[in-house]
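Okay, protein_5.tsv now, which holds TSV, C-alpha atoms:
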```tsv
chain	number	residue	atom	x	y	z
A	931	MET	CA	-10.70	6.91	-1.56
A	932	SER	CA	-9.87	10.25	0.07
A	933	TYR	CA	-6.45	11.05	1.52
A	934	LEU	CA	-7.96	11.19	5.00
A	935	ALA	CA	-9.57	7.78	4.58
A	936	VAL	CA	-6.29	6.30	3.33
A	937	PHE	CA	-4.43	7.77	6.32
A	938	ARG	CA	-6.94	6.32	8.79
A	939	VAL	CA	-6.88	2.89	7.16
A	940	VAL	CA	-3.09	2.85	7.16
A	941	CYS	CA	-2.82	3.86	10.83
A	942	VAL	CA	-5.32	1.27	11.99
A	943	SER	CA	-3.84	-1.43	9.77
A	944	LEU	CA	-0.30	-0.80	10.93
A	945	ALA	CA	-1.34	-0.82	14.57
A	946	LEU	CA	-3.26	-4.08	14.18
A	947	VAL	CA	-0.92	-5.96	11.87
A	948	PHE	CA	2.42	-4.96	13.34
A	949	GLY	CA	1.37	-4.28	16.91
A	950	VAL	CA	3.95	-1.52	17.00
A	951	SER	CA	4.18	0.54	20.16
A	952	ALA	CA	5.51	4.07	20.30
A	953	SER	CA	8.50	2.99	22.39
A	954	ALA	CA	9.34	-0.15	20.45
A	955	ASN	CA	11.88	1.41	18.12
A	956	GLN	CA	14.34	4.18	18.78
A	957	THR	CA	15.76	4.46	15.29
A	958	SER	CA	16.35	7.82	13.72
A	959	ARG	CA	16.66	9.28	10.27
A	960	VAL	CA	18.24	12.46	8.97
A	961	ILE	CA	16.57	14.31	6.13
A	962	ASN	CA	18.80	16.61	4.13
A	963	ASN	CA	17.69	16.40	0.51
A	964	ASP	CA	14.04	15.36	0.23
A	965	GLY	CA	11.98	17.06	-2.46
A	966	GLY	CA	8.75	15.32	-1.47
A	967	GLY	CA	6.49	13.17	-3.57
A	968	ASN	CA	3.16	11.42	-3.38
A	969	VAL	CA	1.15	12.60	-0.36
A	970	ASN	CA	-0.32	9.12	0.27
A	971	GLU	CA	3.13	7.55	0.33
A	972	TYR	CA	4.36	10.14	2.81
A	973	LEU	CA	1.26	9.61	4.96
A	974	VAL	CA	2.09	5.90	5.13
A	975	ASP	CA	5.73	6.61	5.98
A	976	LEU	CA	4.68	9.21	8.56
A	977	SER	CA	2.30	6.69	10.14
A	978	VAL	CA	5.05	4.09	10.40
A	979	ALA	CA	7.45	6.66	11.87
A	980	ILE	CA	4.92	7.79	14.46
A	981	LEU	CA	3.85	4.28	15.44
A	982	SER	CA	7.45	3.11	15.75
A	983	GLY	CA	8.64	6.18	17.66
A	984	GLU	CA	11.24	6.92	15.00
A	985	LYS	CA	13.12	10.15	15.55
A	986	ILE	CA	13.35	12.36	12.46
A	987	GLN	CA	15.92	15.12	12.12
A	988	ILE	CA	15.43	17.65	9.32
A	989	ASP	CA	18.89	19.01	8.56
A	990	GLY	CA	18.60	20.32	5.02
A	991	TRP	CA	16.12	20.60	2.18
A	992	CYS	CA	12.69	19.10	2.95
A	993	ALA	CA	9.94	20.14	0.58
A	994	SER	CA	6.38	19.41	-0.41
A	995	ALA	CA	5.07	16.18	1.14
A	996	CYS	CA	8.30	15.87	3.14
A	997	THR	CA	7.00	18.66	5.39
A	998	LEU	CA	4.41	16.18	6.67
A	999	TYR	CA	7.16	14.86	8.97
A	1000	LEU	CA	6.54	17.95	11.10
A	1001	ALA	CA	3.35	16.17	12.24
A	1002	SER	CA	5.43	13.84	14.38
A	1003	THR	CA	6.37	15.01	17.86
A	1004	GLU	CA	9.60	13.06	17.30
A	1005	THR	CA	10.70	15.41	14.49
A	1006	CYS	CA	13.23	18.13	15.13
A	1007	VAL	CA	14.94	20.68	12.88
A	1008	THR	CA	18.42	22.11	12.76
A	1009	ALA	CA	19.49	25.63	11.86
A	1010	ASN	CA	20.47	24.15	8.45
A	1011	ALA	CA	16.92	22.98	7.71
A	1012	VAL	CA	15.03	24.62	4.86
A	1013	LEU	CA	11.41	23.57	4.37
A	1014	GLY	CA	9.65	24.22	1.08
A	1015	PHE	CA	5.87	24.49	0.91
A	1016	HIS	CA	3.52	24.65	-2.08
A	1017	ALA	CA	0.15	23.41	-3.28
A	1018	PRO	CA	-0.03	19.71	-4.13
A	1019	ARG	CA	-0.06	18.80	-7.81
A	1020	GLY	CA	-0.49	15.74	-9.95
A	1021	GLY	CA	-4.19	15.12	-9.53
A	1022	SER	CA	-7.32	16.93	-10.57
A	1023	ALA	CA	-7.96	20.38	-9.12
A	1024	ALA	CA	-10.32	18.85	-6.56
A	1025	GLU	CA	-7.82	16.12	-5.61
A	1026	ASN	CA	-5.03	18.66	-5.23
A	1027	GLN	CA	-7.25	20.84	-3.06
A	1028	GLN	CA	-8.11	17.85	-0.89
A	1029	ALA	CA	-4.41	16.96	-0.60
A	1030	ALA	CA	-3.66	20.53	0.54
A	1031	GLN	CA	-6.32	20.16	3.24
A	1032	VAL	CA	-4.78	16.86	4.36
A	1033	ILE	CA	-1.29	18.36	4.53
A	1034	GLY	CA	-2.47	21.45	6.37
A	1035	ALA	CA	-4.49	19.41	8.85
A	1036	ARG	CA	-1.39	17.44	9.86
A	1037	LEU	CA	0.96	20.38	10.25
A	1038	PRO	CA	1.46	21.66	13.79
A	1039	ALA	CA	-1.19	24.24	14.69
A	1040	ALA	CA	1.40	27.03	14.75
A	1041	LEU	CA	2.23	26.32	11.11
A	1042	ARG	CA	-1.22	25.40	9.80
A	1043	ASN	CA	-2.60	28.93	9.29
A	1044	TRP	CA	0.68	30.05	7.73
A	1045	TYR	CA	0.51	27.15	5.26
A	1046	PHE	CA	-3.07	27.93	4.22
A	1047	THR	CA	-2.29	31.65	3.92
A	1048	TYR	CA	1.03	31.54	2.07
A	1049	ALA	CA	1.58	28.14	0.47
A	1050	ALA	CA	-1.52	26.00	-0.08
A	1051	GLU	CA	-2.53	27.85	-3.24
A	1052	LEU	CA	0.94	28.23	-4.78
A	1053	ASP	CA	1.56	26.64	-8.14
A	1054	GLY	CA	3.29	23.32	-7.56
A	1055	ASN	CA	6.44	24.58	-9.28
A	1056	LYS	CA	6.87	27.48	-6.84
A	1057	PHE	CA	7.87	27.14	-3.22
A	1058	VAL	CA	7.74	29.40	-0.23
A	1059	THR	CA	10.42	28.44	2.25
A	1060	LEU	CA	10.98	28.58	5.97
A	1061	THR	CA	14.29	27.95	7.68
A	1062	GLY	CA	14.57	25.62	10.63
A	1063	SER	CA	14.99	28.69	12.83
A	1064	GLN	CA	11.75	30.21	11.51
A	1065	VAL	CA	9.85	26.96	12.12
A	1066	VAL	CA	11.16	26.87	15.70
A	1067	GLN	CA	10.27	30.55	16.22
A	1068	MET	CA	6.72	29.78	15.05
A	1069	GLY	CA	6.51	27.03	17.65
A	1070	ALA	CA	6.01	24.34	15.00
A	1071	ALA	CA	9.12	22.29	15.86
A	1072	ASN	CA	12.00	22.07	18.28
A	1073	TYR	CA	15.70	22.28	17.57
A	1074	CYS	CA	17.51	18.97	17.47
A	1075	VAL	CA	19.69	18.42	20.51
```
Show how you would write the structure in this file as C-alpha coordinates.
Amino acid sequence: MSYLAVFRVVCVSLALVFGVSASANQTSRVINNDGGGNVNEYLVDLSVAILSGEKIQIDGWCASACTLYLASTETCVTANAVLGFHAPRGGSAAENQQAAQVIGARLPAALRNWYFTYAAELDGNKFVTLTGSQVVQMGAANYCV
(Lines of atoms letter the chains of each structure in order from A and count residues from 1; the text may use other names and numbers.)
(Lines give C-alpha, C1' and ligand atoms only; values in the text may rest on other atoms or scores of the structure.)
Protein backbone atom coordinates (compact mmCIF):
# COMPACT_ATOMS: atom_id res chain seq x y z
CA MET A 1 0.00 0.00 0.00
CA SER A 2 1.39 3.44 -0.85
CA TYR A 3 2.29 6.02 1.78
CA LEU A 4 -0.52 8.26 0.55
CA ALA A 5 -3.06 5.45 0.82
CA VAL A 6 -1.87 4.62 4.35
CA PHE A 7 -2.18 8.28 5.36
CA ARG A 8 -5.73 8.53 4.00
CA VAL A 9 -6.82 5.30 5.68
CA VAL A 10 -5.34 6.40 8.99
CA CYS A 11 -7.02 9.83 8.89
CA VAL A 12 -10.43 8.43 8.04
CA SER A 13 -10.10 5.61 10.56
CA LEU A 14 -9.07 7.91 13.37
CA ALA A 15 -11.89 10.31 12.64
CA LEU A 16 -14.47 7.52 12.57
CA VAL A 17 -13.22 5.38 15.42
CA PHE A 18 -12.23 8.06 17.89
CA GLY A 19 -14.58 10.83 16.80
CA VAL A 20 -11.86 13.30 17.68
CA SER A 21 -12.54 16.95 17.01
CA ALA A 22 -9.86 19.53 16.43
CA SER A 23 -10.74 21.36 19.65
CA ALA A 24 -11.13 18.29 21.85
CA ASN A 25 -7.59 18.23 23.18
CA GLN A 26 -5.29 21.10 23.98
CA THR A 27 -2.24 19.07 24.93
CA SER A 28 1.17 20.05 23.71
CA ARG A 29 4.51 18.42 23.12
CA VAL A 30 8.02 19.80 22.86
CA ILE A 31 10.42 18.27 20.37
CA ASN A 32 14.09 18.79 21.09
CA ASN A 33 15.91 15.62 20.08
CA ASP A 34 13.99 13.72 17.41
CA GLY A 35 16.03 12.09 14.67
CA GLY A 36 13.00 10.84 12.76
CA GLY A 37 12.11 7.32 11.76
CA ASN A 38 9.56 5.44 9.74
CA VAL A 39 7.52 7.79 7.54
CA ASN A 40 4.30 5.77 8.00
CA GLU A 41 4.62 5.92 11.79
CA TYR A 42 5.13 9.68 11.68
CA LEU A 43 2.14 10.05 9.35
CA VAL A 44 -0.01 8.23 11.90
CA ASP A 45 1.32 10.37 14.75
CA LEU A 46 0.86 13.53 12.67
CA SER A 47 -2.73 12.52 11.91
CA VAL A 48 -3.47 11.99 15.59
CA ALA A 49 -1.86 15.32 16.47
CA ILE A 50 -3.85 17.19 13.83
CA LEU A 51 -7.16 15.53 14.68
CA SER A 52 -6.69 16.13 18.39
CA GLY A 53 -5.53 19.74 18.00
CA GLU A 54 -2.26 18.96 19.77
CA LYS A 55 0.17 21.84 19.83
CA ILE A 56 3.72 20.91 18.82
CA GLN A 57 6.72 23.04 19.67
CA ILE A 58 9.99 22.29 17.88
CA ASP A 59 12.73 23.56 20.19
CA GLY A 60 15.80 21.60 19.13
CA TRP A 61 16.87 18.89 16.71
CA CYS A 62 14.05 17.56 14.51
CA ALA A 63 15.18 15.57 11.50
CA SER A 64 13.97 13.35 8.73
CA ALA A 65 10.36 12.20 9.25
CA CYS A 66 10.12 14.49 12.29
CA THR A 67 9.90 17.43 9.89
CA LEU A 68 6.45 16.15 8.91
CA TYR A 69 5.17 17.91 12.05
CA LEU A 70 5.50 21.15 10.08
CA ALA A 71 2.34 20.00 8.24
CA SER A 72 0.26 20.86 11.29
CA THR A 73 -0.91 24.44 11.68
CA GLU A 74 -0.51 23.82 15.42
CA THR A 75 3.28 23.43 15.09
CA CYS A 76 5.59 26.28 15.98
CA VAL A 77 9.38 26.61 16.11
CA THR A 78 11.75 28.40 18.43
CA ALA A 79 15.01 30.12 17.58
CA ASN A 80 16.71 26.99 19.01
CA ALA A 81 15.05 24.68 16.48
CA VAL A 82 17.23 22.95 13.90
CA LEU A 83 15.45 20.88 11.26
CA GLY A 84 17.34 18.28 9.26
CA PHE A 85 16.14 17.18 5.84
CA HIS A 86 17.28 14.34 3.58
CA ALA A 87 15.95 11.70 1.22
CA PRO A 88 14.09 8.82 2.85
CA ARG A 89 15.92 5.52 3.11
CA GLY A 90 15.22 1.98 4.15
CA GLY A 91 13.08 0.82 1.26
CA SER A 92 13.69 0.18 -2.39
CA ALA A 93 14.68 3.12 -4.59
CA ALA A 94 11.07 3.42 -5.78
CA GLU A 95 9.69 3.27 -2.22
CA ASN A 96 12.17 5.89 -1.03
CA GLN A 97 11.25 8.14 -3.94
CA GLN A 98 7.57 7.74 -3.11
CA ALA A 99 8.26 8.53 0.55
CA ALA A 100 10.09 11.73 -0.51
CA GLN A 101 7.02 12.74 -2.52
CA VAL A 102 4.78 12.08 0.49
CA ILE A 103 7.00 14.14 2.79
CA GLY A 104 7.29 16.99 0.32
CA ALA A 105 3.55 17.05 -0.32
CA ARG A 106 2.85 17.56 3.39
CA LEU A 107 5.40 20.29 4.00
CA PRO A 108 4.08 23.85 3.96
CA ALA A 109 4.08 25.26 0.42
CA ALA A 110 6.84 27.72 1.30
CA LEU A 111 9.13 24.83 2.21
CA ARG A 112 8.04 22.27 -0.39
CA ASN A 113 10.09 23.57 -3.35
CA TRP A 114 13.13 24.04 -1.12
CA TYR A 115 12.84 20.42 0.05
CA PHE A 116 12.62 19.03 -3.48
CA THR A 117 15.50 21.24 -4.66
CA TYR A 118 17.96 20.77 -1.79
CA ALA A 119 17.07 17.73 0.29
CA ALA A 120 14.83 15.13 -1.37
CA GLU A 121 17.71 13.55 -3.30
CA LEU A 122 20.34 13.66 -0.54
CA ASP A 123 21.79 10.39 0.64
CA GLY A 124 19.96 9.38 3.81
CA ASN A 125 23.15 9.77 5.85
CA LYS A 126 23.56 13.44 4.90
CA PHE A 127 21.34 16.25 6.10
CA VAL A 128 20.77 19.79 4.99
CA THR A 129 19.57 21.87 7.90
CA LEU A 130 17.43 24.92 8.48
CA THR A 131 17.19 26.81 11.74
CA GLY A 132 13.87 27.73 13.26
CA SER A 133 14.55 31.32 12.20
CA GLN A 134 15.10 30.27 8.59
CA VAL A 135 11.88 28.23 8.56
CA VAL A 136 9.97 31.25 9.90
CA GLN A 137 11.62 33.55 7.33
CA MET A 138 10.51 31.16 4.58
CA GLY A 139 6.95 31.42 5.87
CA ALA A 140 6.79 27.70 6.64
CA ALA A 141 6.14 28.06 10.39
CA ASN A 142 5.54 30.60 13.11
CA TYR A 143 7.60 31.29 16.19
CA CYS A 144 6.27 29.80 19.39
CA VAL A 145 4.77 32.40 21.68
Which residues of range 937-1042 of chain A sit at most 8 Å from range 1046-1064 of chain A, using all atoms listed in the file? Give each one's shortest atom pair and distance in Å (one decimal place), in chain and ascending residue order, as JSON lines.
```
{"residue": "A:Val1007", "atom": "CA", "partner": "A:Gly1062", "partner_atom": "CA", "distance": 5.4}
{"residue": "A:Thr1008", "atom": "CA", "partner": "A:Gly1062", "partner_atom": "CA", "distance": 5.6}
{"residue": "A:Ala1009", "atom": "CA", "partner": "A:Gly1062", "partner_atom": "CA", "distance": 5.1}
{"residue": "A:Asn1010", "atom": "CA", "partner": "A:Gly1062", "partner_atom": "CA", "distance": 6.5}
{"residue": "A:Ala1011", "atom": "CA", "partner": "A:Gly1062", "partner_atom": "CA", "distance": 4.6}
{"residue": "A:Val1012", "atom": "CA", "partner": "A:Thr1061", "partner_atom": "CA", "distance": 4.4}
{"residue": "A:Leu1013", "atom": "CA", "partner": "A:Leu1060", "partner_atom": "CA", "distance": 5.3}
{"residue": "A:Gly1014", "atom": "CA", "partner": "A:Thr1059", "partner_atom": "CA", "distance": 4.4}
{"residue": "A:Phe1015", "atom": "CA", "partner": "A:Phe1057", "partner_atom": "CA", "distance": 5.3}
{"residue": "A:His1016", "atom": "CA", "partner": "A:Ala1049", "partner_atom": "CA", "distance": 4.7}
{"residue": "A:Ala1017", "atom": "CA", "partner": "A:Ala1050", "partner_atom": "CA", "distance": 4.4}
{"residue": "A:Pro1018", "atom": "CA", "partner": "A:Gly1054", "partner_atom": "CA", "distance": 6.0}
{"residue": "A:Arg1019", "atom": "CA", "partner": "A:Gly1054", "partner_atom": "CA", "distance": 5.6}
{"residue": "A:Ala1030", "atom": "CA", "partner": "A:Ala1050", "partner_atom": "CA", "distance": 5.9}
{"residue": "A:Gly1034", "atom": "CA", "partner": "A:Phe1046", "partner_atom": "CA", "distance": 6.9}
{"residue": "A:Arg1042", "atom": "CA", "partner": "A:Phe1046", "partner_atom": "CA", "distance": 6.4}
```
Between range 997-1042 of chain A and range 1070-1074 of chain A, at 7 Å or less, what are the per-residue closest atom pairs and their distances in Å? Count only C-alpha atoms, order by chain and rising residue number, and return it as a tab-separated table.
```
residue	atom	partner	partner_atom	distance
A:Leu1000	CA	A:Ala1071	CA	6.9
A:Cys1006	CA	A:Cys1074	CA	4.9
A:Val1007	CA	A:Tyr1073	CA	5.0
A:Thr1008	CA	A:Tyr1073	CA	5.5
A:Pro1038	CA	A:Ala1070	CA	5.4
A:Ala1040	CA	A:Ala1070	CA	5.3
A:Leu1041	CA	A:Ala1070	CA	5.8
```
Just the residues within 10 Å of Tyr999 in chain A, please, counting all atoms listed in the file, with nothing from its chain fewer than 6 positions along; format it as a ChimeraX atom specification.
-> /A:961,972-973,975-977,979-980,986-988,992,1005-1006,1036-1037
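Here CA of Val960 in chain A and CA of Gln1031 in chain A stand 26.4 Å from one another.
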Let me know the centre plus edge lengths, in Å and rounded to one decimal, of a box with edges along x, y and z that contains all listed atoms of range 975-987 of chain A and is padded by 3 Å on every side, as lines of an AutoDock Vina configuration file.
```
center_x = 9.1
center_y = 9.1
center_z = 11.8
size_x = 19.6
size_y = 18.0
size_z = 17.7
```
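With distances restricted to only C-alpha atoms, A:Ser958 is the closest residue to Gly983 in chain A from A:Gln1027, A:Gln1067, A:Gly966, A:Ser958.
The coordinates place CA of Glu984 in chain A at 20.2 Å from CA of Gly965 in chain A.
In this structure, CA of Gly1020 in chain A sits 9.8 Å away from CA of Gly967 in chain A.
Closest to Cys996 in chain A among A:Ile1033, A:Asn1043, A:Val1065, A:Val1075 is A:Ile1033, based on only C-alpha atoms.
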